[in-house]
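Visitor: File name protein25.cif; file contents mmCIF, C-alpha atoms; full text below.
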```cif
data_run
loop_
_atom_site.group_PDB
_atom_site.id
_atom_site.type_symbol
_atom_site.label_atom_id
_atom_site.label_comp_id
_atom_site.auth_asym_id
_atom_site.auth_seq_id
_atom_site.Cartn_x
_atom_site.Cartn_y
_atom_site.Cartn_z
ATOM 1 C CA GLY A 8 0.000 0.000 0.000
ATOM 2 C CA LEU A 9 0.931 3.651 -0.218
ATOM 3 C CA LYS A 10 2.599 5.407 2.703
ATOM 4 C CA ILE A 11 3.098 9.121 3.347
ATOM 5 C CA LYS A 12 6.773 9.935 3.023
ATOM 6 C CA ARG A 13 6.786 13.743 3.193
ATOM 7 C CA ILE A 14 4.357 16.685 3.516
ATOM 8 C CA LYS A 15 5.628 20.118 2.506
ATOM 9 C CA PHE A 16 3.704 23.420 2.907
ATOM 10 C CA PHE A 17 4.241 26.518 0.735
ATOM 11 C CA LYS A 18 3.542 30.234 1.344
ATOM 12 C CA ASN A 19 0.899 30.382 -1.399
ATOM 13 C CA ASN A 20 -1.363 28.071 0.635
ATOM 14 C CA HIS A 21 -0.419 25.019 -1.417
ATOM 15 C CA PHE A 22 0.850 21.853 0.141
ATOM 16 C CA GLU A 23 2.661 18.904 -1.393
ATOM 17 C CA ILE A 24 2.161 15.318 -0.286
ATOM 18 C CA GLU A 25 4.667 12.680 -1.351
ATOM 19 C CA LEU A 26 3.394 9.116 -1.247
ATOM 20 C CA LYS A 27 5.786 6.203 -1.632
ATOM 21 C CA GLY A 28 4.725 2.692 -2.496
ATOM 22 C CA ALA A 29 6.353 -0.470 -3.700
ATOM 23 C CA PHE A 30 6.517 0.493 -7.341
ATOM 24 C CA CYS A 31 5.561 4.156 -7.624
ATOM 25 C CA MET A 32 5.936 7.593 -6.140
ATOM 26 C CA LEU A 33 3.040 10.063 -6.311
ATOM 27 C CA VAL A 34 3.292 13.819 -5.731
ATOM 28 C CA THR A 35 0.030 15.782 -5.492
ATOM 29 C CA LYS A 36 -0.787 19.460 -5.049
ATOM 30 C CA GLU A 37 -4.154 20.866 -4.105
ATOM 31 C CA LYS A 38 -5.164 24.407 -3.201
ATOM 32 C CA TYR A 39 -7.751 24.388 -0.401
ATOM 33 C CA PHE A 40 -7.297 27.922 0.928
ATOM 34 C CA ARG A 41 -7.337 31.285 -0.822
ATOM 35 C CA SER A 42 -4.700 33.897 -0.151
ATOM 36 C CA ASP A 43 -7.203 36.781 -0.318
ATOM 37 C CA THR A 44 -9.405 35.697 2.582
ATOM 38 C CA GLY A 45 -10.777 38.357 4.903
ATOM 39 C CA GLN A 46 -13.427 38.557 7.611
ATOM 40 C CA LYS A 47 -16.334 40.211 5.808
ATOM 41 C CA ASN A 48 -19.213 38.389 7.524
ATOM 42 C CA LYS A 49 -20.801 37.560 4.176
ATOM 43 C CA ILE A 50 -22.662 34.361 3.439
ATOM 44 C CA GLU A 51 -21.085 34.265 -0.010
ATOM 45 C CA ASP A 52 -17.720 33.558 1.637
ATOM 46 C CA LEU A 53 -19.124 30.286 3.027
ATOM 47 C CA LEU A 54 -20.203 28.871 -0.314
ATOM 48 C CA THR A 55 -18.238 26.065 -1.922
ATOM 49 C CA GLU A 56 -17.023 26.240 -5.495
ATOM 50 C CA ASP A 57 -20.095 24.622 -7.105
ATOM 51 C CA GLU A 58 -22.652 25.881 -4.577
ATOM 52 C CA GLU A 59 -25.353 28.251 -5.850
ATOM 53 C CA ILE A 60 -27.811 30.501 -4.027
ATOM 54 C CA LEU A 61 -31.411 29.514 -4.855
ATOM 55 C CA TRP A 62 -33.230 31.956 -2.560
ATOM 56 C CA GLU A 63 -32.421 34.443 0.191
ATOM 57 C CA GLY A 64 -34.489 36.634 2.462
ATOM 58 C CA LYS A 65 -34.880 38.445 5.784
ATOM 59 C CA PRO A 66 -37.640 38.700 8.391
ATOM 60 C CA ASN A 67 -40.224 41.469 8.280
ATOM 61 C CA LYS A 68 -38.851 43.965 10.821
ATOM 62 C CA LYS A 69 -42.183 45.320 12.147
ATOM 63 C CA SER A 70 -43.614 41.847 12.630
ATOM 64 C CA TYR A 71 -40.426 40.555 14.285
ATOM 65 C CA VAL A 72 -40.210 43.438 16.808
ATOM 66 C CA LEU A 73 -43.927 43.282 17.639
ATOM 67 C CA ALA A 74 -43.742 39.504 18.100
ATOM 68 C CA SER A 75 -40.750 39.967 20.422
ATOM 69 C CA PHE A 76 -42.910 42.236 22.592
ATOM 70 C CA PHE A 77 -45.859 39.825 22.862
ATOM 71 C CA ARG A 78 -43.858 36.566 22.994
ATOM 72 C CA MET A 79 -43.373 36.660 26.808
ATOM 73 C CA PHE A 80 -45.572 39.629 27.681
ATOM 74 C CA PRO A 81 -48.482 37.744 29.381
ATOM 75 C CA PHE A 82 -46.044 35.783 31.535
ATOM 76 C CA VAL A 83 -44.062 38.942 32.388
ATOM 77 C CA LEU A 84 -47.266 40.821 33.274
ATOM 78 C CA ILE A 85 -48.365 38.081 35.697
ATOM 79 C CA TRP A 86 -44.867 37.992 37.205
ATOM 80 C CA LEU A 87 -44.862 41.780 37.771
ATOM 81 C CA LEU A 88 -48.358 41.722 39.276
ATOM 82 C CA PHE A 89 -47.370 38.947 41.695
ATOM 83 C CA ASP A 90 -44.239 40.779 42.872
ATOM 84 C CA GLY A 91 -46.081 44.111 43.043
ATOM 85 C CA ILE A 92 -48.871 42.686 45.200
ATOM 86 C CA PHE A 93 -46.367 40.995 47.504
ATOM 87 C CA LEU A 94 -44.380 44.212 48.005
ATOM 88 C CA GLY A 95 -47.552 46.246 48.468
ATOM 89 C CA VAL A 96 -48.863 43.923 51.168
ATOM 90 C CA MET A 97 -45.480 43.781 52.916
ATOM 91 C CA PHE A 98 -44.991 47.554 53.112
ATOM 92 C CA GLY A 99 -48.688 48.063 53.924
ATOM 93 C CA MET A 100 -48.242 45.956 57.035
ATOM 94 C CA GLY A 101 -45.443 48.086 58.459
ATOM 95 C CA GLY A 102 -42.655 47.140 56.090
ATOM 96 C CA PHE A 103 -40.999 50.539 56.523
ATOM 97 C CA ALA A 104 -40.023 49.502 60.071
ATOM 98 C CA ILE A 105 -37.925 46.624 58.724
ATOM 99 C CA PRO A 106 -34.171 46.976 59.441
ATOM 100 C CA TRP A 107 -32.081 48.305 56.554
ATOM 101 C CA TYR A 108 -30.165 45.050 56.046
ATOM 102 C CA LEU A 109 -33.423 43.126 55.566
ATOM 103 C CA ILE A 110 -34.600 45.762 53.087
ATOM 104 C CA LEU A 111 -31.299 45.328 51.219
ATOM 105 C CA PHE A 112 -31.836 41.565 51.156
ATOM 106 C CA ILE A 113 -35.394 42.015 49.840
ATOM 107 C CA VAL A 114 -34.188 44.381 47.082
ATOM 108 C CA VAL A 115 -31.475 41.947 45.949
ATOM 109 C CA PHE A 116 -33.949 39.054 46.096
ATOM 110 C CA PHE A 117 -36.495 40.787 43.887
ATOM 111 C CA ILE A 118 -33.833 41.913 41.426
ATOM 112 C CA LEU A 119 -32.953 38.230 40.965
ATOM 113 C CA HIS A 120 -36.580 37.140 41.118
ATOM 114 C CA LEU A 121 -37.415 39.462 38.215
ATOM 115 C CA THR A 122 -34.935 37.681 35.907
ATOM 116 C CA PRO A 123 -37.690 36.680 33.421
ATOM 117 C CA VAL A 124 -38.627 40.353 33.142
ATOM 118 C CA TRP A 125 -35.028 41.382 32.435
ATOM 119 C CA ILE A 126 -34.722 38.634 29.797
ATOM 120 C CA TRP A 127 -37.911 39.856 28.093
ATOM 121 C CA LEU A 128 -36.717 43.460 28.238
ATOM 122 C CA VAL A 129 -33.272 42.641 26.767
ATOM 123 C CA ASN A 130 -34.857 40.625 23.946
ATOM 124 C CA LEU A 131 -37.215 43.502 23.201
ATOM 125 C CA LEU A 132 -34.480 46.165 23.226
ATOM 126 C CA THR A 133 -32.165 44.103 21.016
ATOM 127 C CA SER A 134 -34.865 42.876 18.607
ATOM 128 C CA GLY A 135 -34.019 45.615 16.103
ATOM 129 C CA LYS A 136 -30.376 44.545 16.010
ATOM 130 C CA GLN A 137 -31.362 40.882 15.843
ATOM 131 C CA VAL A 138 -33.576 41.367 12.803
ATOM 132 C CA SER A 139 -30.943 43.429 10.988
ATOM 133 C CA ASN A 140 -28.428 40.574 11.358
ATOM 134 C CA LEU A 141 -30.862 37.780 10.487
ATOM 135 C CA HIS A 142 -30.391 36.477 6.953
ATOM 136 C CA TYR A 143 -31.718 33.249 5.463
ATOM 137 C CA VAL A 144 -30.237 31.578 2.386
ATOM 138 C CA PHE A 145 -31.247 28.421 0.502
ATOM 139 C CA THR A 146 -28.369 27.082 -1.579
ATOM 140 C CA SER A 147 -28.071 24.074 -3.838
ATOM 141 C CA GLN A 148 -26.651 22.100 -0.876
ATOM 142 C CA ARG A 149 -27.982 23.506 2.419
ATOM 143 C CA ILE A 150 -29.832 26.199 4.345
ATOM 144 C CA ILE A 151 -27.600 28.881 5.894
ATOM 145 C CA ILE A 152 -28.901 31.042 8.747
ATOM 146 C CA ARG A 153 -26.986 34.162 9.759
ATOM 147 C CA SER A 154 -27.855 35.615 13.177
ATOM 148 C CA GLY A 155 -26.430 37.446 16.181
ATOM 149 C CA VAL A 156 -26.543 40.662 18.206
ATOM 150 C CA ILE A 157 -22.938 41.458 19.108
ATOM 151 C CA GLY A 158 -21.183 38.646 17.256
ATOM 152 C CA ILE A 159 -22.297 36.873 14.094
ATOM 153 C CA ASP A 160 -23.273 33.188 14.070
ATOM 154 C CA TYR A 161 -23.870 30.912 11.081
ATOM 155 C CA ALA A 162 -25.990 27.768 11.276
ATOM 156 C CA ASN A 163 -26.133 25.135 8.532
ATOM 157 C CA LEU A 164 -28.946 22.702 7.803
ATOM 158 C CA TYR A 165 -28.169 20.196 5.063
ATOM 159 C CA TYR A 166 -31.169 19.061 3.058
ATOM 160 C CA VAL A 167 -30.443 15.353 3.557
ATOM 161 C CA ASP A 168 -30.703 15.850 7.353
ATOM 162 C CA ILE A 169 -34.050 17.682 7.307
ATOM 163 C CA GLN A 170 -36.929 15.606 8.650
ATOM 164 C CA SER A 171 -39.852 18.034 8.556
ATOM 165 C CA VAL A 172 -40.843 21.534 7.459
ATOM 166 C CA ASN A 173 -43.838 23.175 9.157
ATOM 167 C CA LEU A 174 -45.471 26.572 8.812
ATOM 168 C CA LYS A 175 -47.019 28.607 11.629
ATOM 169 C CA VAL A 176 -49.011 31.783 10.990
ATOM 170 C CA GLY A 177 -50.087 33.598 14.172
ATOM 171 C CA TRP A 178 -52.324 36.632 14.565
ATOM 172 C CA ILE A 179 -49.378 39.043 14.328
ATOM 173 C CA ASP A 180 -48.168 37.182 11.233
ATOM 174 C CA ARG A 181 -51.592 37.588 9.610
ATOM 175 C CA LEU A 182 -51.464 41.341 10.207
ATOM 176 C CA PHE A 183 -48.220 41.629 8.232
ATOM 177 C CA LYS A 184 -48.876 38.715 5.812
ATOM 178 C CA VAL A 185 -45.847 36.740 7.008
ATOM 179 C CA GLY A 186 -45.219 33.346 8.598
ATOM 180 C CA ASP A 187 -42.712 31.340 10.649
ATOM 181 C CA ILE A 188 -41.143 28.237 9.099
ATOM 182 C CA TYR A 189 -40.127 25.530 11.594
ATOM 183 C CA ILE A 190 -37.431 23.181 10.277
ATOM 184 C CA THR A 191 -36.549 19.995 12.148
ATOM 185 C CA ALA A 192 -33.330 18.170 11.249
ATOM 186 C CA SER A 193 -31.707 15.023 12.617
ATOM 187 C CA LYS A 194 -29.554 16.851 15.179
ATOM 188 C CA LYS A 195 -31.005 20.367 15.448
ATOM 189 C CA ALA A 196 -34.007 22.556 14.730
ATOM 190 C CA GLN A 197 -34.276 26.109 13.419
ATOM 191 C CA VAL A 198 -37.014 28.683 12.866
ATOM 192 C CA LEU A 199 -37.132 31.102 9.945
ATOM 193 C CA TRP A 200 -39.049 34.010 11.475
ATOM 194 C CA ASP A 201 -41.546 36.380 9.855
ATOM 195 C CA LEU A 202 -41.005 35.637 6.165
ATOM 196 C CA SER A 203 -43.162 37.205 3.484
ATOM 197 C CA ASP A 204 -44.998 34.853 1.098
ATOM 198 C CA PRO A 205 -44.465 31.924 3.518
ATOM 199 C CA TYR A 206 -46.735 29.415 1.703
ATOM 200 C CA TYR A 207 -44.753 29.717 -1.518
ATOM 201 C CA ILE A 208 -41.415 29.467 0.328
ATOM 202 C CA VAL A 209 -42.496 26.315 2.193
ATOM 203 C CA ASN A 210 -43.737 24.765 -1.037
ATOM 204 C CA GLN A 211 -40.461 25.459 -2.846
ATOM 205 C CA LEU A 212 -38.345 24.375 0.137
ATOM 206 C CA GLN A 213 -40.138 21.033 0.325
ATOM 207 C CA LYS A 214 -39.546 20.552 -3.400
ATOM 208 C CA ILE A 215 -35.815 21.342 -3.005
ATOM 209 C CA ILE A 216 -35.507 18.882 -0.106
ATOM 210 C CA HIS A 217 -37.280 16.174 -2.099
ATOM 211 C CA ASP A 218 -35.091 16.738 -5.177
ATOM 212 C CA ILE A 219 -31.821 16.808 -3.216
ATOM 213 C CA LYS A 220 -32.688 13.681 -1.198
ATOM 214 C CA THR A 221 -33.727 11.876 -4.365
ATOM 215 C CA ASP A 222 -30.400 12.794 -5.973
ATOM 216 C CA VAL A 223 -28.434 11.602 -2.943
ATOM 217 C CA TYR A 224 -30.248 8.321 -2.344
ATOM 218 C CA PHE A 225 -31.026 7.534 -5.986
ATOM 219 C CA PRO A 226 -28.255 8.971 -8.207
ATOM 220 C CA ASN A 227 -29.053 9.323 -11.927
ATOM 221 C CA ASP A 228 -26.793 6.414 -12.917
ATOM 222 C CA LEU A 229 -28.696 4.076 -10.597
ATOM 223 C CA ARG A 230 -32.196 5.083 -11.713
ATOM 224 C CA PRO A 231 -33.926 2.652 -14.058
ATOM 225 C CA LYS A 232 -35.173 3.954 -17.395
ATOM 226 C CA GLU A 233 -38.620 2.668 -16.505
ATOM 227 C CA ASN A 234 -40.044 2.695 -12.993
ATOM 228 C CA LYS A 235 -43.656 1.621 -12.718
ATOM 229 C CA GLY A 236 -43.812 2.693 -9.090
ATOM 230 C CA TYR A 237 -42.952 6.336 -9.818
ATOM 231 C CA LYS A 238 -45.827 8.841 -9.553
ATOM 232 C CA THR A 239 -48.427 6.100 -9.145
ATOM 233 C CA LYS A 240 -51.682 6.763 -7.299
ATOM 234 C CA TYR A 241 -52.435 5.440 -3.853
ATOM 235 C CA ARG A 242 -55.307 2.948 -3.958
ATOM 236 C CA PRO A 243 -56.519 1.805 -0.501
#
```
Show the structure stored in the file as C-alpha cells.
Guide:
Amino acid sequence: GLKIKRIKFFKNNHFEIELKGAFCMLVTKEKYFRSDTGQKNKIEDLLTEDEEILWEGKPNKKSYVLASFFRMFPFVLIWLLFDGIFLGVMFGMGGFAIPWYLILFIVVFFILHLTPVWIWLVNLLTSGKQVSNLHYVFTSQRIIIRSGVIGIDYANLYYVDIQSVNLKVGWIDRLFKVGDIYITASKKAQVLWDLSDPYYIVNQLQKIIHDIKTDVYFPNDLRPKENKGYKTKYRP
C-alpha cells in the first residue's frame, strides 16, 4: 500500500504530499485555501465552489419586533403583578419599620426574582439589532442562517438531514402577511421568522428537499429507465 513519506507546505497556501509505495511515487498538489481571505461576515464567503444561491431573504422587521414584545408579555405581566402585590402587602403591614439590612436583602432578592422580566426586556431592546443581522439563504446544498446581536453566528442545515418543514401563521403574522417556518433536522431545529410569502417558500423548500434527497439516495446512474412505481396513485 501507499505510505506518506513527506508533507511540505508553501507560502501560497499550497501543500505537497509525497506518497511512496512499492513500485511508484506520487506527488500531489491541491489548493484548499485562498490567499485573499478576509473577515467580511458575508454568506457568499461560506459557499463552496459549485454551490449556488437559490433563494435568500430576511424577516419582516415590524412583525419581528412586535412579536418579540408579545412573545413573553403575558407571563411577564403576571410575574410583575405577583411581585407588586407581595411588596404592596409587605410595606402596607409596616414594612418601613424593617431593618435596613433586611430591606437590602429584599431588594437583591427581587432583582434576581425578576430575571424573566429582564430577559424579556433585553430581547425587546435588542430585537431591532437581531432582525438586521438575520439572513436566510437556501443554496443548492444547504440552508444557511446568519444571526447574532454582538457577534455573528452561522448555522447550517443540510437538506439530507431535514426531517420536517412546518409553517405557523399567528395573529401578528396575519397582520403583516408573514409566517414562521419551523425546520426539524436530525440533530437540530431552526425557525425562519416572519417571512413574506411563507406558503410559496415552504412549497419550494419542500420541493428542493425532495429533489436533493432523491439525488443523494437515488443517483441518476442508478435510476432505471422505466419505474412503474414512480408517480403512481395510492389505492386503498
Visitor: How big is the axis-aligned box around all listed atoms of range 216-223 of chain A once 5 Å goes on each side, and where's its centre, in Å to one decimal, as lines of an AutoDock Vina configuration file?
Guide:
```
center_x = -32.9
center_y = 15.2
center_z = -3.0
size_x = 18.8
size_y = 17.3
size_z = 15.9
```
Visitor: Suppose a student applies the PyMOL selection byres ((chain A and resi 51-61) around 7) to this structure; what residues should they get, written as an NGL selection string?
Guide: :A and (49-50 or 62 or 144-148)
Visitor: The PyMOL selection byres ((chain A and resi 104-121) around 12) - which residues does that actually catch in the file I just gave you? List them as a PyMOL selection string.
Guide: chain A and resi 82-91+93-94+97-103+122-128
Visitor: Quick check, in Å to one decimal: how far apart do CA of Ile219 in chain A and CA of Val167 in chain A lie?
Guide: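 Computing the Euclidean distance for CA of Ile219 in chain A and CA of Val167 in chain A yields 7.1 Å.
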Visitor: For the structure shown, which residues end up in the PyMOL selection byres ((chain A and resi 173) around 7)? Put them as a list in words, please?
Guide: Ser171, Val172, Leu174, Lys175, Ile188, Tyr189 and Ile190 of chain A
Visitor: If I take CA of Leu73 in chain A and CA of Val156 in chain A, how far is one from the other in Å, to one decimal?
Guide: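 Going from CA of Leu73 in chain A over to CA of Val156 in chain A covers 17.6 Å.
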Visitor: With all atoms listed in the file as the basis for distance, which of A:Leu132, A:Val185, A:Val138, A:Ala196 is at the shortest distance from Lys65 in chain A?
Guide: A:Val138
Visitor: Give me the residues within 12 Å of Val176 in chain A as a ChimeraX atom specification, counting all atoms listed in the file and dropping any in the same chain fewer than 2 places off.
Guide: /A:70,74,173-174,178-189,199-206
